[in-house]
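Data first, discussion second: the structure below is written as structure tokens.
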Amino acid sequence: MSTLEIKGLVASVAGKQILNGIDLTVRSGEVHAVMGPNGAGKSTLSAVVMGKPGYEVHAGQVLLDGVDLLGMPTWQRAQAGMHLVMQYPSEVPGVDLTEMLAEAYSARGRSTDGLAASVAAEAERIHFPSALLDRSLNVDLSGGEKKRNETLQLALLQPKFAILDELDSGLDIDALRDCSRRVEAATHDSQLGVLAITHYNRLLEELHPDHVHILVKGRIVASGGPDLADQLERDGYEAFTGDEVADAPASSGSYDDLFAL
Amino acid sequence: MSTTLLDAAGHLGSAQLPSTESEVWRYSRIAELDLAAFTPTVPHTTVVGAEGLVPRPELSAELVASMPVHDVFDELHAQYAHTVEVHVPAGKVLVEPIVVTHHVSGAGAAVFPRLLIHAGADSEFTVVERFESDPGVVALIVPRLVLHASQAARVSYLGVNLLANTVWHLGHQQATGERDSTTLLATVALGGDYARVRTDVRAVGQGATTKQVALYYADGHQMHDFRTLQDHIAPKTNSDLLFKGAVQDTAKSVYTGLIRIGEDAKGSAAYQTNRNLTLSEGAWAESVPNLDIRTNDVKCSHASTVGPIDDEQRFYLESRGIPPEVAERLVILGFFDDVLAALPVGSLRPELRDRVTEKLLGRVA
């Protein structure tokens with residue numbers, strides 16, 4: 001049993017503070033959804049936890065079984081048991097999936113014997129076309145293929161915790177279902193803990209969260225069970241943001257003001 | 001007492017080195033060359049795979065006559081060239097490549113290899129030219145290649161520079177393609193101190209296709225300097241160029257390329273891509289693409305980049321638990337992957353990939 005604890009995390013990017021004190025705890029086998037409107041800090045949260053360059057942490061901790069990840073370079077965080085499924089996975093020309101996984105295995109001291117067979121089996125399970133396995137990573141892949149590829153890697157690398165950054169963006173319902181089912185299976189089979197960051201409810205219909213958190217302006221403003229997502233679906237983010245709504249339509253009052261001139 | 005290049009050039013009436021003031025030698029290190037330090041010498045050259053090919057002096061004479069004489073190196077070359085001739089008759093297909101190897105040895109040696117390739121109509125073959133040297137030898141090699149592809153011939157050339165990083169290399173390749181011919185001029189430059197290759201292709205027959213490919217990787221104090229010309233003279237000709245290089249430590253590289261589409265070359269297509277990785281703070285790379293298009297109805301594009309390893313690619317690999325030095329190795333080898341795949345003679349690829357790996361492992365980060 002492992003625990004990922006995010007405590008009082010304050011971070012900025014390009015001089016602008018985005019995270020204003022995040023507290024979250026995920027345990028092995030749990031699925032937590034973090035939902036929020038555009039600009040709430042969802043992607044920043046995943047980037048900071050994984051140590052992406054360009055983000056500055058001002059306060060807080062990210063503890064994996066009590067060890068602070070924030071002092072480690074990205075690759076050590078991954079080896080410690082973290083995995084990031086990226087919203088926009090980078091293209092890496094000239095490097096194919098199996099070659100990359102072989103290095104990832106070797107770096108963990110894992111044998112690469114039978115790797116090609118494991119890759120083929122996972123590809124079949126997640127419906128990633130085997131004809132694409134020889135391609136350069138993420139080059140000329142559709143949105144759905146990229147996310148299947150990301151999920152395939154997650155399954156093989158067997159981390160303790162996975163952050164899914166907008167897994168549902170840019171993929172069709174079949175791919176969403178395949179990816180969600182594979183992730184859900186890992187939560188049962190290897191007690192994977194999941195932090196699923198998403199804008200929409202759509203993902204949560206496939207990937208059933210135990211806990212839902214609502215992120216607004218760099219803070220968790222509400223936490224609850226799956227019903228919180230339903231409430232969000234019904235009432236919108238407005239209910240959680242008070243009078244400040246990011247994408248509020250122009251009120252008729254503004255026209256009144258205009259004509260009153 | 002042997003004659004130095006300076007004496008020899010004096011006899012020829014032009015002891016003047018070209019100047020970096022002239023555009024063709026801009027960015028070069030030509031001013032550092034001391035002609036008095038070198039003596040014309042016979043190269044150690046071996047040829048494998050050309051058995052059974054008959055010399056054709058009249059064709060060789062035509063090829064030599066087509067060589068330009070612009071500067072002191074051209075003049076010295078005319079005087080001291082050692083020639084290898086490859087004449088493949090019409091319709092002949094050679095499965096195995098012809099391999100020409102020049103080995104440079106002896107301090108102060110200056111060698112002037114000349115490779116003449118004449119491809120008969122509808123012939124098909126590959127020639128590999130390897131440039132090697134004793135380790136640490138201070139020497140000068142001035143190779144010239146003249147290649148003529150007759151109608152529908154398919155010819156590939158691969159020059160491989162594996163010279164010690166103390167050897168100067170001033171190369172010039174010129175190829176001419178007749179109607180419906182396909183010519184590939186490929187270069188791998190890993191060695192040399194200052195190593196320059198000028199590579200010109202001229203599509204003179206309708207439907208001719210030319211390709212130019214290079215992989216270069218300079219470390220230490222090396223400098224790789226490329227000048228390329230894609231010259232479209234006839235209609236409906238195609239040219240494609242892919243040059244990819246890396247520089248590390250305090251090494252330098254320069255790429256200057258010109259696509260020229262003449263008035264009669266309607267319906268032609270020309271592509272030019274040059275990408276450079278700068279792998280150390282002190283390394284420097286320059287890329288200068290040029291276009292000179294004198295007709296309508298052409299397709300033309302060029303792309304050129306110079307920069308360090310992409311942060312996103314590095315982060316992606318590191319986020320999978322791959323340490324930075326391994327991630328960089330993957331990215332650098334991946335960067336060269338398409339150009340390695342485009343080289344003729346697939347059997348040489350593992351060796352060349354290993355040599356690239358050797359270089360990048362020696363990098364002072």
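Naming scheme: A, B, ... for chains in displayed order of the structure tokens; residues 1 onward per chain; ligands 1 onward as shown.
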Practice task
Identify every residue of chain A that has at least one atom within 7 Å of any atom of chain B, counting only C-alpha atoms, and report the result as a PyMOL selection string.
Solution key: chain A and resi 52+74-76+78-79+83-84+90-95+103-104+107
Write out the residues from the selection above, keeping N, CA and C atoms, as a short mmCIF file (atom, residue, chain, number, x, y, z; two decimals), in the first residue's frame.
data_model
loop_
_atom_site.label_atom_id
_atom_site.label_comp_id
_atom_site.auth_asym_id
_atom_site.auth_seq_id
_atom_site.Cartn_x
_atom_site.Cartn_y
_atom_site.Cartn_z
N LYS A 52 8.24 18.96 -14.53
CA LYS A 52 8.49 19.53 -15.85
C LYS A 52 9.26 20.85 -15.72
N THR A 74 13.01 14.50 -12.79
CA THR A 74 11.85 13.79 -13.34
C THR A 74 12.05 12.28 -13.43
N TRP A 75 13.21 11.86 -13.97
CA TRP A 75 13.39 10.42 -14.21
C TRP A 75 13.40 9.64 -12.91
N GLN A 76 13.86 10.28 -11.81
CA GLN A 76 13.85 9.58 -10.52
C GLN A 76 12.44 9.51 -9.95
N ALA A 78 9.85 9.17 -11.77
CA ALA A 78 9.23 8.07 -12.53
C ALA A 78 9.69 6.73 -11.96
N GLN A 79 10.96 6.63 -11.67
CA GLN A 79 11.47 5.36 -11.13
C GLN A 79 10.94 5.10 -9.73
N HIS A 83 3.89 8.13 -12.79
CA HIS A 83 3.77 8.10 -14.25
C HIS A 83 2.80 9.18 -14.70
N LEU A 84 3.20 9.88 -15.75
CA LEU A 84 2.34 10.93 -16.30
C LEU A 84 1.86 10.51 -17.69
N SER A 90 4.69 14.12 -26.56
CA SER A 90 5.66 14.69 -27.50
C SER A 90 6.07 13.68 -28.56
N GLU A 91 6.28 14.19 -29.76
CA GLU A 91 6.84 13.36 -30.81
C GLU A 91 8.34 13.21 -30.56
N VAL A 92 8.84 11.99 -30.71
CA VAL A 92 10.29 11.78 -30.59
C VAL A 92 10.75 11.06 -31.87
N PRO A 93 11.15 11.82 -32.89
CA PRO A 93 11.50 11.21 -34.17
C PRO A 93 12.66 10.22 -34.04
N GLY A 94 12.53 9.12 -34.74
CA GLY A 94 13.63 8.15 -34.80
C GLY A 94 13.74 7.23 -33.60
N VAL A 95 12.80 7.36 -32.63
CA VAL A 95 12.83 6.48 -31.46
C VAL A 95 11.50 5.75 -31.41
N GLU A 103 14.91 0.95 -22.79
CA GLU A 103 15.76 1.83 -21.96
C GLU A 103 15.09 2.10 -20.61
N ALA A 104 13.77 2.26 -20.65
CA ALA A 104 13.04 2.51 -19.40
C ALA A 104 13.13 1.30 -18.46
N ALA A 107 16.81 1.01 -17.17
CA ALA A 107 17.10 2.03 -16.16
C ALA A 107 16.53 1.63 -14.80
#
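Near Thr187 in chain A, within 12 Å and counting only C-alpha atoms, sit Met1, Arg27, Ser28, Gly29, Glu30, Val31, His32, Leu154, Ala155, Gln158, Pro159, Lys160, Phe161, Ala162, Ser180, Arg181, Gly193, Val194, Leu195, Leu207, His208, Pro209 and Asp210 of chain A; same-chain residues fewer than 6 positions away were not included.
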Those selected residues, please, written with N, CA and C atoms and delivered as an mmCIF file, in the first residue's frame.
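As a result, selection_18.cif now contains:
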data_model
loop_
_atom_site.group_PDB
_atom_site.id
_atom_site.type_symbol
_atom_site.label_atom_id
_atom_site.label_comp_id
_atom_site.auth_asym_id
_atom_site.auth_seq_id
_atom_site.Cartn_x
_atom_site.Cartn_y
_atom_site.Cartn_z
ATOM 1 N N MET A 1 0.839 -1.209 0.000
ATOM 2 C CA MET A 1 0.000 0.000 0.000
ATOM 3 C C MET A 1 0.872 1.256 0.000
ATOM 4 N N ARG A 27 -4.400 7.082 -2.373
ATOM 5 C CA ARG A 27 -3.814 5.820 -1.910
ATOM 6 C C ARG A 27 -3.890 4.771 -3.014
ATOM 7 N N SER A 28 -3.078 3.751 -2.878
ATOM 8 C CA SER A 28 -3.059 2.665 -3.860
ATOM 9 C C SER A 28 -4.464 2.167 -4.154
ATOM 10 N N GLY A 29 -4.749 1.959 -5.406
ATOM 11 C CA GLY A 29 -6.024 1.387 -5.815
ATOM 12 C C GLY A 29 -7.154 2.398 -5.915
ATOM 13 N N GLU A 30 -6.932 3.625 -5.462
ATOM 14 C CA GLU A 30 -7.995 4.641 -5.518
ATOM 15 C C GLU A 30 -7.946 5.415 -6.833
ATOM 16 N N VAL A 31 -9.115 5.869 -7.259
ATOM 17 C CA VAL A 31 -9.183 6.744 -8.430
ATOM 18 C C VAL A 31 -9.744 8.095 -7.981
ATOM 19 N N HIS A 32 -8.925 9.124 -8.121
ATOM 20 C CA HIS A 32 -9.354 10.484 -7.790
ATOM 21 C C HIS A 32 -9.474 11.289 -9.067
ATOM 22 N N LEU A 154 1.863 2.932 -19.670
ATOM 23 C CA LEU A 154 1.464 2.901 -18.263
ATOM 24 C C LEU A 154 1.316 1.452 -17.789
ATOM 25 N N ALA A 155 0.665 0.652 -18.630
ATOM 26 C CA ALA A 155 0.420 -0.742 -18.251
ATOM 27 C C ALA A 155 1.732 -1.514 -18.103
ATOM 28 N N GLN A 158 4.121 -0.175 -15.038
ATOM 29 C CA GLN A 158 3.562 -0.529 -13.738
ATOM 30 C C GLN A 158 3.969 0.419 -12.600
ATOM 31 N N PRO A 159 3.603 1.693 -12.751
ATOM 32 C CA PRO A 159 3.923 2.645 -11.681
ATOM 33 C C PRO A 159 2.994 2.424 -10.476
ATOM 34 N N LYS A 160 3.323 3.120 -9.369
ATOM 35 C CA LYS A 160 2.419 3.086 -8.208
ATOM 36 C C LYS A 160 1.260 4.065 -8.409
ATOM 37 N N PHE A 161 1.591 5.220 -9.004
ATOM 38 C CA PHE A 161 0.569 6.245 -9.220
ATOM 39 C C PHE A 161 0.655 6.792 -10.638
ATOM 40 N N ALA A 162 -0.506 7.012 -11.218
ATOM 41 C CA ALA A 162 -0.550 7.605 -12.557
ATOM 42 C C ALA A 162 -1.336 8.903 -12.499
ATOM 43 N N SER A 180 -9.686 3.807 -20.520
ATOM 44 C CA SER A 180 -10.250 3.838 -19.166
ATOM 45 C C SER A 180 -10.299 2.437 -18.560
ATOM 46 N N ARG A 181 -10.696 1.470 -19.378
ATOM 47 C CA ARG A 181 -10.800 0.098 -18.868
ATOM 48 C C ARG A 181 -9.433 -0.454 -18.483
ATOM 49 N N GLY A 193 -2.743 3.656 -8.132
ATOM 50 C CA GLY A 193 -3.492 4.826 -7.682
ATOM 51 C C GLY A 193 -3.560 5.828 -8.830
ATOM 52 N N VAL A 194 -4.711 6.483 -9.007
ATOM 53 C CA VAL A 194 -4.913 7.332 -10.184
ATOM 54 C C VAL A 194 -5.364 8.731 -9.784
ATOM 55 N N LEU A 195 -4.726 9.711 -10.403
ATOM 56 C CA LEU A 195 -5.170 11.092 -10.289
ATOM 57 C C LEU A 195 -5.554 11.517 -11.707
ATOM 58 N N LEU A 207 -14.276 5.895 -16.461
ATOM 59 C CA LEU A 207 -13.307 5.632 -15.402
ATOM 60 C C LEU A 207 -13.983 6.065 -14.093
ATOM 61 N N HIS A 208 -14.392 5.114 -13.300
ATOM 62 C CA HIS A 208 -15.259 5.462 -12.170
ATOM 63 C C HIS A 208 -14.452 5.892 -10.958
ATOM 64 N N PRO A 209 -14.510 7.183 -10.631
ATOM 65 C CA PRO A 209 -13.684 7.682 -9.528
ATOM 66 C C PRO A 209 -14.294 7.354 -8.165
ATOM 67 N N ASP A 210 -13.417 7.165 -7.186
ATOM 68 C CA ASP A 210 -13.860 7.023 -5.800
ATOM 69 C C ASP A 210 -14.068 8.398 -5.179
#
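Taking only C-alpha atoms, the non-local environment of Ala40 in chain A within 6 Å (same-chain residues fewer than 5 positions away omitted) comprises A:Val216, A:Lys217, A:Gly218.
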Those same residues, written as a PDB file, in the first residue's frame with C-alpha atoms?
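Final output, saved to part-v4.pdb:
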ATOM      1  CA  VAL A 216     -10.755  26.434  -9.211  1.00  0.00           C
ATOM      2  CA  LYS A 217      -8.134  29.159  -9.387  1.00  0.00           C
ATOM      3  CA  GLY A 218      -5.372  26.933  -8.099  1.00  0.00           C
TER       4      GLY A 218
END
Exercise for the section: Find the spatial neighbours of Leu203 in chain A, counting only C-alpha atoms, within a cut-off of 8 Å - ignore same-chain residues fewer than 6 positions away - and output them as a list of chain:residue names. Expected result: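 What passes the distance filter is A:Leu167, A:Asp168, A:Leu176, A:Ser180.
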Practice task
Identify, on the basis of only C-alpha atoms, every residue whose closest approach to range 228-234 of chain B does not exceed 6 Å; exclude the query and any residue fewer than 5 positions from it along the same chain; express the result as a list in words.
Solution key: Arg198, Thr199, Asp200, Val201, Arg202, Ala203, Val204, Gly205, Gln206, Gly257, Leu258, Ile259, Arg260, Ile261, Gly262, Asp264 and Ala265 of chain B
Write out the residues from the selection above, keeping N, CA and C atoms, as a PDB file, in the first residue's frame.
ATOM      1  N   ARG B 198      31.959  20.366 -50.976  1.00  0.00           N
ATOM      2  CA  ARG B 198      31.069  21.084 -51.864  1.00  0.00           C
ATOM      3  C   ARG B 198      30.408  20.036 -52.738  1.00  0.00           C
ATOM      4  N   THR B 199      29.096  20.053 -52.806  1.00  0.00           N
ATOM      5  CA  THR B 199      28.415  19.014 -53.572  1.00  0.00           C
ATOM      6  C   THR B 199      27.380  19.651 -54.500  1.00  0.00           C
ATOM      7  N   ASP B 200      27.600  19.458 -55.786  1.00  0.00           N
ATOM      8  CA  ASP B 200      26.755  20.088 -56.811  1.00  0.00           C
ATOM      9  C   ASP B 200      26.076  19.010 -57.642  1.00  0.00           C
ATOM     10  N   VAL B 201      24.781  19.116 -57.792  1.00  0.00           N
ATOM     11  CA  VAL B 201      24.099  18.219 -58.727  1.00  0.00           C
ATOM     12  C   VAL B 201      23.411  19.064 -59.796  1.00  0.00           C
ATOM     13  N   ARG B 202      23.488  18.579 -61.027  1.00  0.00           N
ATOM     14  CA  ARG B 202      22.877  19.306 -62.142  1.00  0.00           C
ATOM     15  C   ARG B 202      21.954  18.351 -62.879  1.00  0.00           C
ATOM     16  N   ALA B 203      20.698  18.725 -62.938  1.00  0.00           N
ATOM     17  CA  ALA B 203      19.733  17.904 -63.667  1.00  0.00           C
ATOM     18  C   ALA B 203      19.619  18.491 -65.072  1.00  0.00           C
ATOM     19  N   VAL B 204      20.269  17.841 -66.036  1.00  0.00           N
ATOM     20  CA  VAL B 204      20.336  18.399 -67.394  1.00  0.00           C
ATOM     21  C   VAL B 204      19.351  17.730 -68.351  1.00  0.00           C
ATOM     22  N   GLY B 205      18.790  16.589 -67.942  1.00  0.00           N
ATOM     23  CA  GLY B 205      17.847  15.899 -68.822  1.00  0.00           C
ATOM     24  C   GLY B 205      16.456  15.866 -68.213  1.00  0.00           C
ATOM     25  N   GLN B 206      15.445  16.005 -69.039  1.00  0.00           N
ATOM     26  CA  GLN B 206      14.072  16.026 -68.535  1.00  0.00           C
ATOM     27  C   GLN B 206      13.789  14.799 -67.681  1.00  0.00           C
ATOM     28  N   GLY B 257      23.315  26.294 -48.757  1.00  0.00           N
ATOM     29  CA  GLY B 257      22.746  25.546 -49.880  1.00  0.00           C
ATOM     30  C   GLY B 257      21.995  26.452 -50.831  1.00  0.00           C
ATOM     31  N   LEU B 258      22.060  26.112 -52.091  1.00  0.00           N
ATOM     32  CA  LEU B 258      21.347  26.876 -53.109  1.00  0.00           C
ATOM     33  C   LEU B 258      20.513  25.939 -53.981  1.00  0.00           C
ATOM     34  N   ILE B 259      19.257  26.303 -54.136  1.00  0.00           N
ATOM     35  CA  ILE B 259      18.413  25.667 -55.154  1.00  0.00           C
ATOM     36  C   ILE B 259      18.329  26.657 -56.307  1.00  0.00           C
ATOM     37  N   ARG B 260      18.709  26.209 -57.485  1.00  0.00           N
ATOM     38  CA  ARG B 260      18.619  27.094 -58.642  1.00  0.00           C
ATOM     39  C   ARG B 260      17.743  26.420 -59.691  1.00  0.00           C
ATOM     40  N   ILE B 261      16.673  27.096 -60.055  1.00  0.00           N
ATOM     41  CA  ILE B 261      15.778  26.536 -61.072  1.00  0.00           C
ATOM     42  C   ILE B 261      15.819  27.458 -62.283  1.00  0.00           C
ATOM     43  N   GLY B 262      16.384  26.943 -63.338  1.00  0.00           N
ATOM     44  CA  GLY B 262      16.620  27.760 -64.531  1.00  0.00           C
ATOM     45  C   GLY B 262      15.350  28.041 -65.315  1.00  0.00           C
ATOM     46  N   ASP B 264      14.356  27.183 -68.172  1.00  0.00           N
ATOM     47  CA  ASP B 264      13.743  26.088 -68.942  1.00  0.00           C
ATOM     48  C   ASP B 264      13.220  24.958 -68.061  1.00  0.00           C
ATOM     49  N   ALA B 265      13.421  25.071 -66.769  1.00  0.00           N
ATOM     50  CA  ALA B 265      13.132  23.928 -65.881  1.00  0.00           C
ATOM     51  C   ALA B 265      11.708  23.954 -65.354  1.00  0.00           C
TER      52      ALA B 265
END
Practice task
Write out as a list in words which residues come within 8 Å of Asp134 in chain B when counting only C-alpha atoms, dropping same-chain ones fewer than 6 positions away.
Solution key: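 Here the answer would be His103, Val104, Ser105, Gly106, Leu163 and Ala164 of chain B.
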Write to file, as a compact mmCIF listing (two decimals), in the first residue's frame, the residues of the selection just made, with N, CA and C atoms.
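out_11.txt, freshly written:
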# COMPACT_ATOMS: atom_id res chain seq x y z
N HIS B 103 43.72 5.81 -47.94
CA HIS B 103 44.30 5.90 -46.60
C HIS B 103 45.41 6.94 -46.64
N VAL B 104 45.30 7.93 -45.75
CA VAL B 104 46.28 9.00 -45.71
C VAL B 104 47.26 8.71 -44.58
N SER B 105 48.56 8.69 -44.92
CA SER B 105 49.56 8.51 -43.86
C SER B 105 50.78 9.37 -44.17
N GLY B 106 51.57 9.63 -43.16
CA GLY B 106 52.76 10.44 -43.32
C GLY B 106 52.49 11.90 -43.01
N LEU B 163 38.44 10.31 -41.25
CA LEU B 163 39.82 10.78 -41.06
C LEU B 163 40.07 11.16 -39.60
N ALA B 164 41.36 11.14 -39.21
CA ALA B 164 41.73 11.64 -37.89
C ALA B 164 41.36 13.13 -37.81
